[in-house]
$ cat my_file38.txt   # compact mmCIF, C-alpha atoms
# COMPACT_ATOMS: atom_id res chain seq x y z
CA ASN P 1 -1.06 -19.15 -15.82
CA ALA P 2 2.51 -19.62 -16.98
CA GLY P 3 3.73 -20.93 -13.68
CA VAL P 4 6.88 -19.86 -11.89
CA MET P 5 9.24 -18.31 -14.40
CA GLN P 6 12.97 -18.28 -13.90
CA ASN P 7 15.54 -16.71 -16.13
CA PRO P 8 17.97 -17.24 -17.46
CA ARG P 9 17.88 -21.04 -17.79
CA HIS P 10 21.64 -21.15 -18.07
CA LEU P 11 24.10 -18.55 -16.85
CA VAL P 12 27.84 -18.69 -17.34
CA ARG P 13 30.09 -16.41 -15.34
CA ARG P 14 33.81 -16.08 -14.79
CA ARG P 15 35.22 -16.07 -11.30
CA GLY P 16 34.78 -12.66 -9.70
CA GLN P 17 31.79 -11.62 -11.77
CA GLU P 18 28.28 -11.08 -10.49
CA ALA P 19 25.35 -13.40 -11.15
CA ARG P 20 21.74 -12.25 -11.08
CA LEU P 21 18.99 -14.84 -11.13
CA ARG P 22 15.39 -13.83 -11.61
CA CYS P 23 12.18 -15.44 -10.49
CA SER P 24 8.63 -14.38 -11.24
CA PRO P 25 6.17 -16.23 -9.02
CA MET P 26 2.88 -17.58 -10.18
CA LYS P 27 0.10 -15.08 -10.54
CA GLY P 28 -1.51 -14.47 -7.18
CA HIS P 29 1.48 -15.82 -5.22
CA SER P 30 3.24 -13.49 -2.86
CA HIS P 31 5.63 -15.96 -1.20
CA VAL P 32 8.91 -16.88 -2.87
CA TYR P 33 11.54 -19.42 -1.87
CA TRP P 34 14.99 -20.03 -3.29
CA TYR P 35 16.65 -23.40 -3.20
CA ARG P 36 20.08 -24.46 -4.38
CA GLN P 37 21.11 -27.85 -5.68
CA LEU P 38 24.82 -28.49 -5.67
CA PRO P 39 26.13 -31.37 -7.80
CA GLU P 40 25.31 -34.75 -6.29
CA GLU P 41 23.20 -33.17 -3.53
CA GLY P 42 19.53 -32.56 -2.82
CA LEU P 43 17.85 -29.18 -3.04
CA LYS P 44 18.64 -27.03 -0.02
CA PHE P 45 16.59 -24.15 1.28
CA MET P 46 18.26 -20.76 0.99
CA VAL P 47 15.81 -17.95 1.61
CA TYR P 48 12.12 -17.16 1.97
CA LEU P 49 10.75 -13.79 0.92
CA GLN P 50 7.47 -12.00 0.78
CA LYS P 51 6.98 -8.76 -1.09
CA GLU P 52 9.62 -6.29 0.15
CA ASN P 53 10.52 -8.52 3.10
CA ILE P 54 13.06 -11.22 3.79
CA ILE P 55 11.33 -13.59 6.16
CA ASP P 56 14.02 -16.22 6.60
CA GLU P 57 17.51 -16.23 5.14
CA SER P 58 18.93 -18.90 7.37
CA GLY P 59 20.05 -21.00 4.41
CA MET P 60 21.93 -18.24 2.64
CA PRO P 61 25.72 -18.06 2.78
CA LYS P 62 26.67 -15.11 4.93
CA GLU P 63 28.78 -13.40 2.29
CA ARG P 64 28.31 -12.51 -1.36
CA PHE P 65 24.69 -13.76 -1.54
CA SER P 66 21.64 -11.53 -1.30
CA ALA P 67 18.00 -11.76 -2.29
CA GLU P 68 15.18 -9.34 -2.78
CA PHE P 69 11.55 -9.38 -3.78
CA PRO P 70 10.54 -5.82 -4.60
CA LYS P 71 7.02 -4.50 -4.67
CA GLU P 72 7.14 -4.55 -8.45
CA GLY P 73 9.05 -7.02 -10.53
CA PRO P 74 10.61 -10.40 -10.00
CA SER P 75 12.54 -11.74 -7.07
CA ILE P 76 16.29 -11.51 -7.59
CA LEU P 77 18.97 -13.75 -6.18
CA ARG P 78 22.29 -11.99 -6.47
CA ILE P 79 25.70 -13.58 -6.09
CA GLN P 80 28.64 -11.25 -6.05
CA GLN P 81 32.21 -12.23 -6.93
CA VAL P 82 31.22 -15.74 -7.92
CA VAL P 83 33.53 -18.66 -7.25
CA ARG P 84 33.58 -22.13 -8.80
CA GLY P 85 31.79 -23.54 -5.77
CA ASP P 86 28.75 -21.43 -6.61
CA SER P 87 28.14 -23.58 -9.71
CA ALA P 88 24.78 -25.19 -9.07
CA ALA P 89 21.14 -25.28 -10.08
CA TYR P 90 19.13 -22.56 -8.38
CA PHE P 91 15.42 -23.19 -8.05
CA CYS P 92 12.73 -20.75 -7.15
CA ALA P 93 9.34 -21.77 -5.79
CA SER P 94 6.25 -19.80 -4.91
CA SER P 95 3.11 -20.31 -2.91
CA ARG P 96 -0.05 -18.39 -2.32
CA GLY P 97 0.24 -18.66 1.44
CA GLN P 98 3.07 -19.28 3.80
CA GLY P 99 4.10 -22.66 2.39
CA LEU P 100 2.55 -24.58 5.21
CA THR P 101 1.73 -28.21 4.67
CA ASN P 102 -1.63 -27.45 3.15
CA GLU P 103 -0.03 -25.05 0.72
CA LYS P 104 1.54 -26.35 -2.40
CA LEU P 105 4.90 -25.12 -3.57
CA PHE P 106 5.21 -24.53 -7.29
CA PHE P 107 8.71 -24.69 -8.66
CA GLY P 108 10.35 -22.96 -11.58
CA SER P 109 12.56 -24.74 -14.08
CA GLY P 110 15.69 -23.54 -12.36
CA THR P 111 18.75 -21.59 -13.42
CA GLN P 112 21.93 -23.56 -13.98
CA LEU P 113 24.85 -21.37 -12.98
CA SER P 114 28.27 -22.36 -14.26
CA VAL P 115 31.32 -20.51 -13.01
CA LEU P 116 34.41 -20.82 -15.17
CA ALA N 1 19.66 -33.21 12.27
CA GLN N 2 16.88 -33.68 9.78
CA ARG N 3 17.91 -35.67 6.76
CA VAL N 4 16.38 -37.44 3.78
CA THR N 5 18.25 -40.33 2.21
CA GLN N 6 17.57 -41.80 -1.19
CA PRO N 7 20.10 -44.61 -1.49
CA GLU N 8 19.72 -45.27 -5.21
CA LYS N 9 20.93 -42.73 -7.75
CA LEU N 10 19.59 -44.75 -10.64
CA LEU N 11 16.93 -47.41 -10.84
CA SER N 12 16.23 -49.23 -14.09
CA VAL N 13 13.22 -51.49 -14.50
CA PHE N 14 11.40 -53.02 -17.42
CA LYS N 15 7.97 -51.82 -18.45
CA GLY N 16 5.31 -53.66 -16.47
CA ALA N 17 7.65 -54.52 -13.61
CA PRO N 18 7.01 -53.27 -10.07
CA VAL N 19 8.87 -50.19 -8.90
CA GLU N 20 9.99 -49.17 -5.44
CA LEU N 21 11.95 -45.98 -4.91
CA LYS N 22 13.42 -45.90 -1.45
CA CYS N 23 13.36 -42.97 0.92
CA ASN N 24 14.47 -42.92 4.53
CA TYR N 25 14.41 -39.93 6.81
CA SER N 26 15.71 -38.90 10.16
CA TYR N 27 13.65 -36.56 12.26
CA SER N 28 12.67 -36.84 15.88
CA GLY N 29 9.26 -35.17 15.58
CA SER N 30 6.31 -35.70 13.26
CA PRO N 31 7.41 -35.00 9.73
CA GLU N 32 5.41 -34.34 6.62
CA LEU N 33 6.74 -36.37 3.71
CA PHE N 34 6.40 -35.69 0.01
CA TRP N 35 7.47 -37.08 -3.32
CA TYR N 36 8.35 -34.64 -6.08
CA VAL N 37 8.95 -35.63 -9.70
CA GLN N 38 10.84 -33.94 -12.50
CA TYR N 39 10.18 -35.24 -15.99
CA SER N 40 12.68 -34.48 -18.71
CA ARG N 41 12.77 -30.76 -19.51
CA GLN N 42 9.96 -30.04 -17.10
CA ARG N 43 9.65 -28.42 -13.71
CA LEU N 44 9.83 -30.10 -10.39
CA GLN N 45 6.27 -30.88 -9.38
CA LEU N 46 4.54 -32.43 -6.43
CA LEU N 47 3.61 -36.06 -7.00
CA LEU N 48 2.06 -36.95 -3.67
CA ARG N 49 2.21 -36.28 0.05
CA HIS N 50 1.64 -38.66 2.87
CA ILE N 51 -1.06 -36.66 4.61
CA SER N 52 -3.30 -37.04 1.58
CA ARG N 53 -2.90 -40.82 1.42
CA GLU N 54 -3.61 -40.60 -2.28
CA SER N 55 -2.55 -42.50 -5.34
CA ILE N 56 -1.29 -40.42 -8.22
CA LYS N 57 -0.50 -41.95 -11.61
CA GLY N 58 -0.62 -45.33 -9.93
CA PHE N 59 2.04 -44.40 -7.37
CA THR N 60 1.51 -44.80 -3.64
CA ALA N 61 3.72 -44.15 -0.65
CA ASP N 62 3.15 -45.15 2.94
CA LEU N 63 4.80 -43.45 5.84
CA ASN N 64 6.37 -46.06 8.10
CA LYS N 65 7.34 -44.29 11.30
CA GLY N 66 8.90 -47.40 12.79
CA GLU N 67 11.32 -47.75 9.90
CA THR N 68 11.40 -44.00 9.20
CA SER N 69 10.69 -44.69 5.56
CA PHE N 70 8.45 -43.30 2.85
CA HIS N 71 9.09 -45.55 -0.12
CA LEU N 72 7.36 -44.80 -3.41
CA LYS N 73 5.75 -47.78 -5.13
CA LYS N 74 3.99 -48.63 -8.32
CA PRO N 75 2.91 -52.16 -9.24
CA PHE N 76 3.44 -51.83 -13.00
CA ALA N 77 5.93 -49.32 -14.36
CA GLN N 78 5.20 -47.39 -17.55
CA GLU N 79 7.72 -45.79 -19.89
CA GLU N 80 6.29 -42.37 -19.13
CA ASP N 81 7.24 -42.85 -15.48
CA SER N 82 10.88 -42.29 -16.42
CA ALA N 83 11.93 -39.20 -14.50
CA MET N 84 13.89 -37.90 -11.54
CA TYR N 85 12.14 -38.50 -8.22
CA TYR N 86 12.87 -36.56 -5.06
CA CYS N 87 11.70 -37.40 -1.58
CA ALA N 88 11.25 -34.38 0.67
CA LEU N 89 10.49 -33.71 4.29
CA THR N 90 9.17 -30.74 6.14
CA THR N 91 7.99 -30.26 9.67
CA SER N 92 4.41 -29.30 10.23
CA GLY N 93 3.88 -25.60 9.88
CA THR N 94 7.19 -24.76 8.22
CA TYR N 95 8.21 -24.10 4.69
CA LYS N 96 11.77 -25.43 4.79
CA TYR N 97 11.70 -28.56 2.72
CA ILE N 98 14.60 -30.95 3.03
CA PHE N 99 15.16 -32.88 -0.15
CA GLY N 100 16.94 -36.12 -0.82
CA THR N 101 19.50 -36.35 -3.61
CA GLY N 102 17.00 -37.91 -5.97
CA THR N 103 16.64 -41.19 -7.82
CA ARG N 104 16.54 -41.36 -11.58
CA LEU N 105 14.00 -43.93 -12.68
CA LYS N 106 14.44 -45.42 -16.13
CA VAL N 107 11.68 -47.62 -17.44
CA LEU N 108 12.90 -49.76 -20.28
CA ALA N 109 10.68 -50.97 -23.10

$ encode --input "my_file38.txt" --output "structure tokens"
Amino acid sequence: NAGVMQNPRHLVRRRGQEARLRCSPMKGHSHVYWYRQLPEEGLKFMVYLQKENIIDESGMPKERFSAEFPKEGPSILRIQQVVRGDSAAYFCASSRGQGLTNEKLFFGSGTQLSVL
Amino acid sequence: AQRVTQPEKLLSVFKGAPVELKCNYSYSGSPELFWYVQYSRQRLQLLLRHISRESIKGFTADLNKGETSFHLKKPFAQEEDSAMYYCALTTSGTYKYIFGTGTRLKVLA
């Protein structure tokens, strides 16, 4: 089992461009979570998805950010019209169940987004 | 508001010395506390959680509700313990982890 796979590892975008971050959960996991780590801060919850459903997006900025987890393929975090403040490490995690305390979260290696 | 505070950004100790990585939290209910570790070029991974009361790689952490702390300790540091350590909190039955800013532990030979 290769674990949670995120790509790309590093993504450079100019202001105004779009950024697409991909996350393939561990085999057998149907719950995906995205976290963002801004410089000098801890990881912060963004969104929780199950296949074809957004369960909780309370941590997502209201504009320019969207996430999906289609029936087939990886989960995608999409940032439109990126700004410098979007520069951060974006981590994806997955779990077999609902991420309750007896469920372990498995993290990917993260995508470092740099906006020029 | 729920918060996790790790006051030290960097902690350097010599090999064989005791280690204590501090973590304080604020939450009015009953939290679940965790320590995650990220070794160089590796993924963030769970080290231990307070409900398990376990010792992993020689590390232990005790939840002190009176002091709202969950400090990570190891009596004798090893060079391979050098990594980034994150304390995290969640409330029972939810998936929204709140992470501290992390402490980089450097164990010197």

$ interface_residues --input "my_file38.txt" --of "chain N" --to "chain P" --cutoff "12 Å" --atoms "all atoms listed in the file" --output "short mmCIF file (atom, residue, chain, number, x, y, z; two decimals) with C-alpha atoms, in the frame of the given file"
data_model
loop_
_atom_site.label_atom_id
_atom_site.label_comp_id
_atom_site.auth_asym_id
_atom_site.auth_seq_id
_atom_site.Cartn_x
_atom_site.Cartn_y
_atom_site.Cartn_z
CA GLN N 2 16.88 -33.68 9.78
CA ARG N 3 17.91 -35.67 6.76
CA VAL N 4 16.38 -37.44 3.78
CA THR N 5 18.25 -40.33 2.21
CA GLN N 6 17.57 -41.80 -1.19
CA GLU N 8 19.72 -45.27 -5.21
CA LYS N 9 20.93 -42.73 -7.75
CA PRO N 31 7.41 -35.00 9.73
CA GLU N 32 5.41 -34.34 6.62
CA LEU N 33 6.74 -36.37 3.71
CA PHE N 34 6.40 -35.69 0.01
CA TYR N 36 8.35 -34.64 -6.08
CA VAL N 37 8.95 -35.63 -9.70
CA GLN N 38 10.84 -33.94 -12.50
CA TYR N 39 10.18 -35.24 -15.99
CA SER N 40 12.68 -34.48 -18.71
CA ARG N 41 12.77 -30.76 -19.51
CA GLN N 42 9.96 -30.04 -17.10
CA ARG N 43 9.65 -28.42 -13.71
CA LEU N 44 9.83 -30.10 -10.39
CA GLN N 45 6.27 -30.88 -9.38
CA LEU N 46 4.54 -32.43 -6.43
CA LEU N 47 3.61 -36.06 -7.00
CA LEU N 48 2.06 -36.95 -3.67
CA ARG N 49 2.21 -36.28 0.05
CA HIS N 50 1.64 -38.66 2.87
CA ILE N 51 -1.06 -36.66 4.61
CA SER N 52 -3.30 -37.04 1.58
CA MET N 84 13.89 -37.90 -11.54
CA TYR N 85 12.14 -38.50 -8.22
CA TYR N 86 12.87 -36.56 -5.06
CA CYS N 87 11.70 -37.40 -1.58
CA ALA N 88 11.25 -34.38 0.67
CA LEU N 89 10.49 -33.71 4.29
CA THR N 90 9.17 -30.74 6.14
CA THR N 91 7.99 -30.26 9.67
CA SER N 92 4.41 -29.30 10.23
CA GLY N 93 3.88 -25.60 9.88
CA THR N 94 7.19 -24.76 8.22
CA TYR N 95 8.21 -24.10 4.69
CA LYS N 96 11.77 -25.43 4.79
CA TYR N 97 11.70 -28.56 2.72
CA ILE N 98 14.60 -30.95 3.03
CA PHE N 99 15.16 -32.88 -0.15
CA GLY N 100 16.94 -36.12 -0.82
CA THR N 101 19.50 -36.35 -3.61
CA GLY N 102 17.00 -37.91 -5.97
CA THR N 103 16.64 -41.19 -7.82
#

$ residues_near_point --input "my_file38.txt" --point "(19.4, -19.0, -5.6)" --cutoff "8 Å" --atoms "only C-alpha atoms" --output "list in words"
Leu21, Trp34, Tyr35, Arg36, Met46, Leu77, Arg78, Ala89, Tyr90, Phe91 and Cys92 of chain P

$ residues_around --input "my_file38.txt" --residues "Val12 of chain P" --least-positions-apart "5" --cutoff "12 Å" --atoms "only C-alpha atoms" --output "VMD selection string"
chain P and resid 17 to 21 82 to 84 86 to 89 111 to 116

$ residues_around --input "my_file38.txt" --residues "Arg96 of chain P" --least-positions-apart "6" --cutoff "7 Å" --atoms "all atoms listed in the file" --output "PyMOL selection string"
chain P and resi 28-31

$ atom_distance --input "my_file38.txt" --atom1 "atom CA of Cys23 of chain N" --atom2 "atom CA of Pro7 of chain N"
7.3 Å

$ atom_distance --input "my_file38.txt" --atom1 "atom CA of Ala77 of chain N" --atom2 "atom CA of Thr60 of chain N"
12.4 Å

$ residues_around --input "my_file38.txt" --residues "Glu67 of chain N" --least-positions-apart "2" --cutoff "12 Å" --atoms "only C-alpha atoms" --output "JSON, numbers by chain"
{"N": [22, 23, 24, 25, 26, 27, 62, 63, 64, 65, 69, 70, 71]}

$ residues_around --input "my_file38.txt" --residues "Glu63 of chain P" --least-positions-apart "3" --cutoff "10 Å" --atoms "all atoms listed in the file" --output "list in words"
Met60, Ser66, Ile79, Gln80 and Gln81 of chain P

$ closest_residue --input "my_file38.txt" --among "N:Ala83, N:Leu108, N:Ile56, N:Leu72" --to "Val13 of chain N" --atoms "all atoms listed in the file"
N:Leu108

$ atom_distance --input "my_file38.txt" --atom1 "atom CA of Gln6 of chain P" --atom2 "atom CA of Leu10 of chain N"
27.5 Å
